[in-house]
Every structure is written in structure tokens, then in C-alpha cells.
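Asks: Take a look at the following structure, please.
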Amino acid sequence: MRDRQRGFSHPIPSEITPQEVWRERRQLLKAAGLGALGVAAPEARAGVARAGTLPALPASRNAALSTTEPLTPYDDVVSYNNFYEFGTDKSDPAKNAGTLRTRPWTVVVEGEVHRPRTFDIDALLRLAPMQERVYRHRCVEGWSMVIPWVGYSLSSLLKAVEPTGNAKFVEYTTLLDPARMPGQSDPVLQWPYHEGLRMDEAMHPLTLLAFGLYGEVLPNQDGAPLRMVIPWKYGFKGGKSIVRIRLVERQPVTSWMQSVPSWYGFYSNVNPTVSPQNWSQATERRIGEGRFGGLFTPRRKTELFNGYGAQVAELYRGMDLRREF
Ligand code: MTE
């Protein structure tokens with residue numbers, strides 16, 4: 001839906017549901033063997049990376065921070081994406097993100113720090129030992145995945161630049177380059193995509209600076225060459241293809257807060273009882289689960305903090321999570 005006055009567009013539930021039904025129908029056709037005859041839309045996977053085709057990114061599993069739930073199939077993780085810089089349909093990023101070149105790539109870390117630095121991506125890859133973390137990934141649109149990310153805690157990077165006592169929040173920003181990111185020619189959001197965390201959230205061990213998934217470097221459509229992953233928050237907090245991390249004193253205004261302030265709060269913790277977007281967050285559909293594209297698989301109950309309450313609830317003690325959503 002496009003709001004002409006404000007110049008943004010955003011999927012509303014009535015638009016999301018038919019798209020999911022369309023995708024499920026495609027999977028149903030595939031399961032029935034009709035995909036091979038060209039009945040299902042084969043073009044949707046045209047540009048999709050295949051497992052084993054990207055450079056490996058070895059890492060040892062951090063079992064303490066990983067869920068043991070079944071993984072979402074690789075094919076789904078790399079073909080069902082939100083990355084509006086490459087289009088607003090779920091299949092657009094996989095088709096269009098080939099224009100993104102991830103070398104050379106630098107990340108500026110600045111603001112309220114004693115040692116501001118510009119890191120080359122290859123130096124960042126060596127900054128701390130890579131870990132595999134299997135996290136739940138919950139999108140505000142009502143779907144979820146389980147993804148084996150590869151990376152290290154954002155805190156490792158933030159410690160390296162020595163935050164000052166004034167650093168209260170972290171703002172992180174995606175590349176701005178309409179030539180490499182054609183979706184930025186469309187005023188669907190105020191570019192570049194920017195998101196933020198409170199300092200204690202950013203320093204929490206679960207907050208991951210991810211460089212890969214499934215043991216390989218990130219496919220472009222998933223946010224190459226590096227992105228944020230905050231598993232107890234809705235997926236849109238996980239900014240992709242980051243070029244700047246700025247430590248600041250005041251709470252940043254994020255892209256989604258700028259676009260639809262009544263729908264998107266700064267915290268955006270997964271919470272089944274809070275639905276500012278006016279569509280329920282009580283349940284979710286786990287992508288890739290069940291036969292026939294999950295058509296007959298019951299939706300799962302969404303958990304507060306996406307099930308990470310034991311680790312993160314303490315961060316929000318005394319806060320009214322209904323007001324500060
Ligand atoms: N980052 C950028 N730069 N642009 C985006 O459009 N979409 C967000 C987030 N990060 C987005 C982004 C949303 S809405 C979600 S749900 C997740 O990325 C999706 O991540 P995935 O495609 O790897 O599942």
C-alpha cells in the first residue's frame with residue numbers, strides 16, 4: 001500500500017496474505033511434481049545462491065546460545081527475503097541483489113568512542129573468532145525461520161573502539177548506492193536504511209554481527225557482507241549490508257519509525273500481546289515447516305521476546321512494554 005502524502009509504501013496484511021497463499025500454491029505445485037514442467041514460477045529462483053556455491057565461512061557452534069529446533073531449509077532462507085533496496089516482493093532480493101558488489105567494503109565505527117576507526121571488511125572478518133549461532137528469526141509480517149548464522153557478538157567490535165561514557169545508543173546504517181541498490185530509487189523508505197539499539201542491547205552477547213549463514217558467507221539477498229541479528233526483536237531491526245555504526249547519546253529515529261511512527265517503536269521486541277500494526281502478533285507461520293508449503297500446518301504461538309526472555313527480560317525491568325513497544 002502506498003501513502004501518497006508521505007511517500008512510503010508498506011505491505012498491509014491484506015497484501016501479505018495473498019502473496020503467502022501464492023507462494024504456498026507454488027510450493028504445492030512443486031510438491032505435486034508440476035514445478036519441473038514449468039507450471040510453478042521457475043523465474044523466482046533464477047538468481048538464488050545455491051548451498052555450496054559461496055565461499056565457506058567456518059565456525060564452531062555456540063551451543064549455549066543456539067536453539068535445537070529444526071533449521072529452515074537453505075533454499076527458503078535465501079529466496080524468501082525482505083530487502084527493499086532490491087524490491088518489495090519476497091522473491092525480488094534473490095533475483096535482483098546480484099548488482100551488489102561487496103568488495104571493496106568498509107565499515108566506519110564512530111561517534112561516542114575513544115578510538116573511531118574505519119574497518120576493511122576482511123579485517124572485520126578476523127576481529128574475533130567466528131561462531132555459528134542457530135537463532136529464531138521472527139518477522140513482524142507473521143512468519144518465522146530458524147537460521148544458523150555465522151558471526152560474532154557485536155560487543156567484540158564495540159569494545160575495540162572503546163565507547164565513551166556518553167554512548168547510550170548505537171545506530172547502524174546500510175549502504176546508500178542506488179546504482180548497486182536499485183530499490184533506493186523508489187521512495188518506499190527514507191534511504192539509507194537505518195536502525196538502532198540501546199547500548200545494553202547492543203552489548204548483549206546474543207546480539208550478533210553476522211557475516212554468514214549455513215557455513216558460508218552471506219548471500220547478497222540476506223545482507224552481505226555483514227548485517228545485524230537481534231533474535232529477540234522483530235526481523236526489521238536486523239539491518240543488512242552495513243557501512244556505518246555510530247555510537248550516540250540520544251535515541252536514534254529509525255527508518256521504520258520515520259515512515260510509520262504509530263506502527264514501529266524503537267524497541268520492537270517480539271511480543272504476542274502487542275500489535276501496534278493492528279494485525280495480531282500472537283501466532284506465526286514457520287517457513288519451510290510441514291508438507292505442501294505448510295498449507296495445513298497449524299501456526300505456532302509466538303513467545304514473548306521470541307523465546308529469549310530468560311536471557312533478555314532483565315534489560316527491560318520496570319519498563320511498560322505495551323507503551324514502549
Ligand atoms: N535491511 C535493509 N537494509 N533493508 C531492508 O529492507 N528488511 C528488514 C531486515 N533488514 C531490510 C533490512 C526486514 S523487514 C526483515 S524481516 C529482515 O531484514 C529479513 O531478513 P532476511 O531476508 O534475511 O530473512
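Identifiers for the C-alpha cells are assigned positionally: chains receive A, B, ... in sequence, residues are indexed from 1 per chain, and ligands are indexed from 1 in the order shown.
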May I ask you to write as a VMD selection string all residues lying at most 8 Å from ligand 1, with only C-alpha atoms and all ligand atoms counted?
Replies: chain A and resid 77 to 78 80 to 85 88 137 to 141 145 173 to 175 192 to 194 221 to 223 227 234 to 242
Asks: Could the residues in this selection be written to a file with N, CA and C atoms, as a compact mmCIF listing (two decimals), in the first residue's frame?
Replies:
```txt
# COMPACT_ATOMS: atom_id res chain seq x y z
N VAL A 77 15.67 -19.77 3.15
CA VAL A 77 16.39 -18.65 3.77
C VAL A 77 16.91 -17.68 2.73
N VAL A 78 17.25 -18.20 1.55
CA VAL A 78 17.87 -17.34 0.53
C VAL A 78 16.90 -16.93 -0.59
N TYR A 80 13.28 -16.16 0.26
CA TYR A 80 12.10 -15.50 0.85
C TYR A 80 12.63 -14.40 1.75
N ASN A 81 12.86 -13.21 1.18
CA ASN A 81 13.60 -12.17 1.89
C ASN A 81 12.87 -10.83 1.89
N ASN A 82 13.19 -10.03 2.89
CA ASN A 82 12.86 -8.61 2.88
C ASN A 82 14.17 -7.85 2.74
N PHE A 83 14.30 -7.12 1.66
CA PHE A 83 15.47 -6.27 1.43
C PHE A 83 15.00 -5.27 0.38
N TYR A 84 14.33 -4.22 0.88
CA TYR A 84 13.60 -3.30 -0.01
C TYR A 84 14.52 -2.58 -0.99
N GLU A 85 15.82 -2.56 -0.72
CA GLU A 85 16.76 -1.95 -1.66
C GLU A 85 16.76 -2.70 -3.00
N THR A 88 10.25 -4.97 -3.31
CA THR A 88 9.41 -5.21 -2.13
C THR A 88 8.74 -6.58 -2.12
N HIS A 137 14.16 -16.44 14.02
CA HIS A 137 14.11 -15.19 13.24
C HIS A 137 12.62 -14.92 13.02
N ARG A 138 12.08 -13.87 13.64
CA ARG A 138 10.63 -13.62 13.59
C ARG A 138 10.36 -12.28 12.90
N CYS A 139 9.61 -12.34 11.82
CA CYS A 139 9.28 -11.12 11.08
C CYS A 139 7.94 -10.59 11.56
N VAL A 140 7.79 -9.28 11.55
CA VAL A 140 6.57 -8.65 12.01
C VAL A 140 5.39 -9.00 11.09
N GLU A 141 5.69 -9.54 9.91
CA GLU A 141 4.63 -9.95 9.00
C GLU A 141 4.01 -11.29 9.39
N MET A 145 11.58 -18.13 10.91
CA MET A 145 12.55 -19.12 10.40
C MET A 145 13.47 -19.50 11.56
N THR A 173 23.77 1.73 9.79
CA THR A 173 23.24 2.23 8.53
C THR A 173 23.70 1.34 7.38
N THR A 174 22.77 1.11 6.47
CA THR A 174 23.03 0.31 5.26
C THR A 174 23.68 1.19 4.19
N LEU A 175 24.36 0.55 3.27
CA LEU A 175 24.94 1.25 2.10
C LEU A 175 23.88 2.10 1.40
N PRO A 192 19.45 6.06 3.45
CA PRO A 192 19.68 4.63 3.61
C PRO A 192 18.92 4.06 4.82
N TYR A 193 18.66 2.77 4.74
CA TYR A 193 18.01 2.05 5.84
C TYR A 193 18.85 2.21 7.09
N HIS A 194 18.22 2.63 8.18
CA HIS A 194 18.98 2.79 9.42
C HIS A 194 18.15 2.27 10.58
N GLN A 221 21.31 -11.33 -0.90
CA GLN A 221 19.93 -11.03 -0.52
C GLN A 221 19.70 -11.13 0.99
N ASP A 222 20.61 -11.77 1.70
CA ASP A 222 20.48 -11.88 3.16
C ASP A 222 21.31 -10.82 3.88
N GLY A 223 21.94 -9.90 3.14
CA GLY A 223 22.59 -8.77 3.81
C GLY A 223 24.10 -8.74 3.74
N ARG A 227 25.62 -7.98 8.52
CA ARG A 227 24.32 -7.48 8.98
C ARG A 227 24.18 -7.69 10.47
N TYR A 234 11.89 -8.08 16.35
CA TYR A 234 11.38 -8.35 15.01
C TYR A 234 12.51 -8.17 13.98
N GLY A 235 12.39 -8.93 12.90
CA GLY A 235 13.46 -9.00 11.91
C GLY A 235 13.90 -7.67 11.34
N PHE A 236 13.01 -6.67 11.32
CA PHE A 236 13.40 -5.41 10.66
C PHE A 236 14.48 -4.67 11.43
N LYS A 237 14.71 -5.05 12.71
CA LYS A 237 15.83 -4.43 13.44
C LYS A 237 17.18 -4.90 12.89
N GLY A 238 17.16 -6.00 12.14
CA GLY A 238 18.41 -6.59 11.64
C GLY A 238 18.86 -5.94 10.34
N GLY A 239 19.39 -4.73 10.42
CA GLY A 239 19.84 -4.00 9.23
C GLY A 239 20.87 -4.81 8.44
N LYS A 240 20.76 -4.73 7.11
CA LYS A 240 21.63 -5.51 6.21
C LYS A 240 22.68 -4.62 5.56
N SER A 241 23.74 -5.25 5.07
CA SER A 241 24.77 -4.58 4.25
C SER A 241 25.21 -3.25 4.90
N ILE A 242 25.74 -3.38 6.11
CA ILE A 242 26.03 -2.21 6.95
C ILE A 242 27.36 -1.55 6.56
```
Asks: Stretch 65-297 of chain A: which residues are strand (DSSP E) by DSSP, as a PyMOL selection string?
Replies: chain A and resi 106-111+117-120+131-138+143-153+169-174+194-198+208-213+216-217+227-229+242-248+283-286
Asks: Measure the distance from atom CA of A:Trp149 to atom CA of A:Tyr135 in Å and round it to one decimal.
Replies: 7.3 Å
Asks: Counting only C-alpha atoms, figure out which residue out of A:Pro261, A:Leu315, A:Gly87, A:Asp92 gets nearest to A:Asp186.
Replies: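 Ranked by minimum distance to A:Asp186, first place goes to A:Gly87.
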Asks: So that I can check the secondary structure, give me every residue of stretch 20-259 of chain A assigned helix (DSSP H, G or I) by backbone DSSP, as a ChimeraX atom specification.
Replies: /A:20-31,35-37,42-45,63-65,74-77,84-86,92-99,121-125,154-160,182-185,199-202,220-222,235-237,255-259
Asks: Expressed in Å to a single decimal, how great is the separation between atom CA of A:Lys233 and atom CA of A:Arg317?
Replies: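 Between these atoms lies a distance of 16.3 Å.
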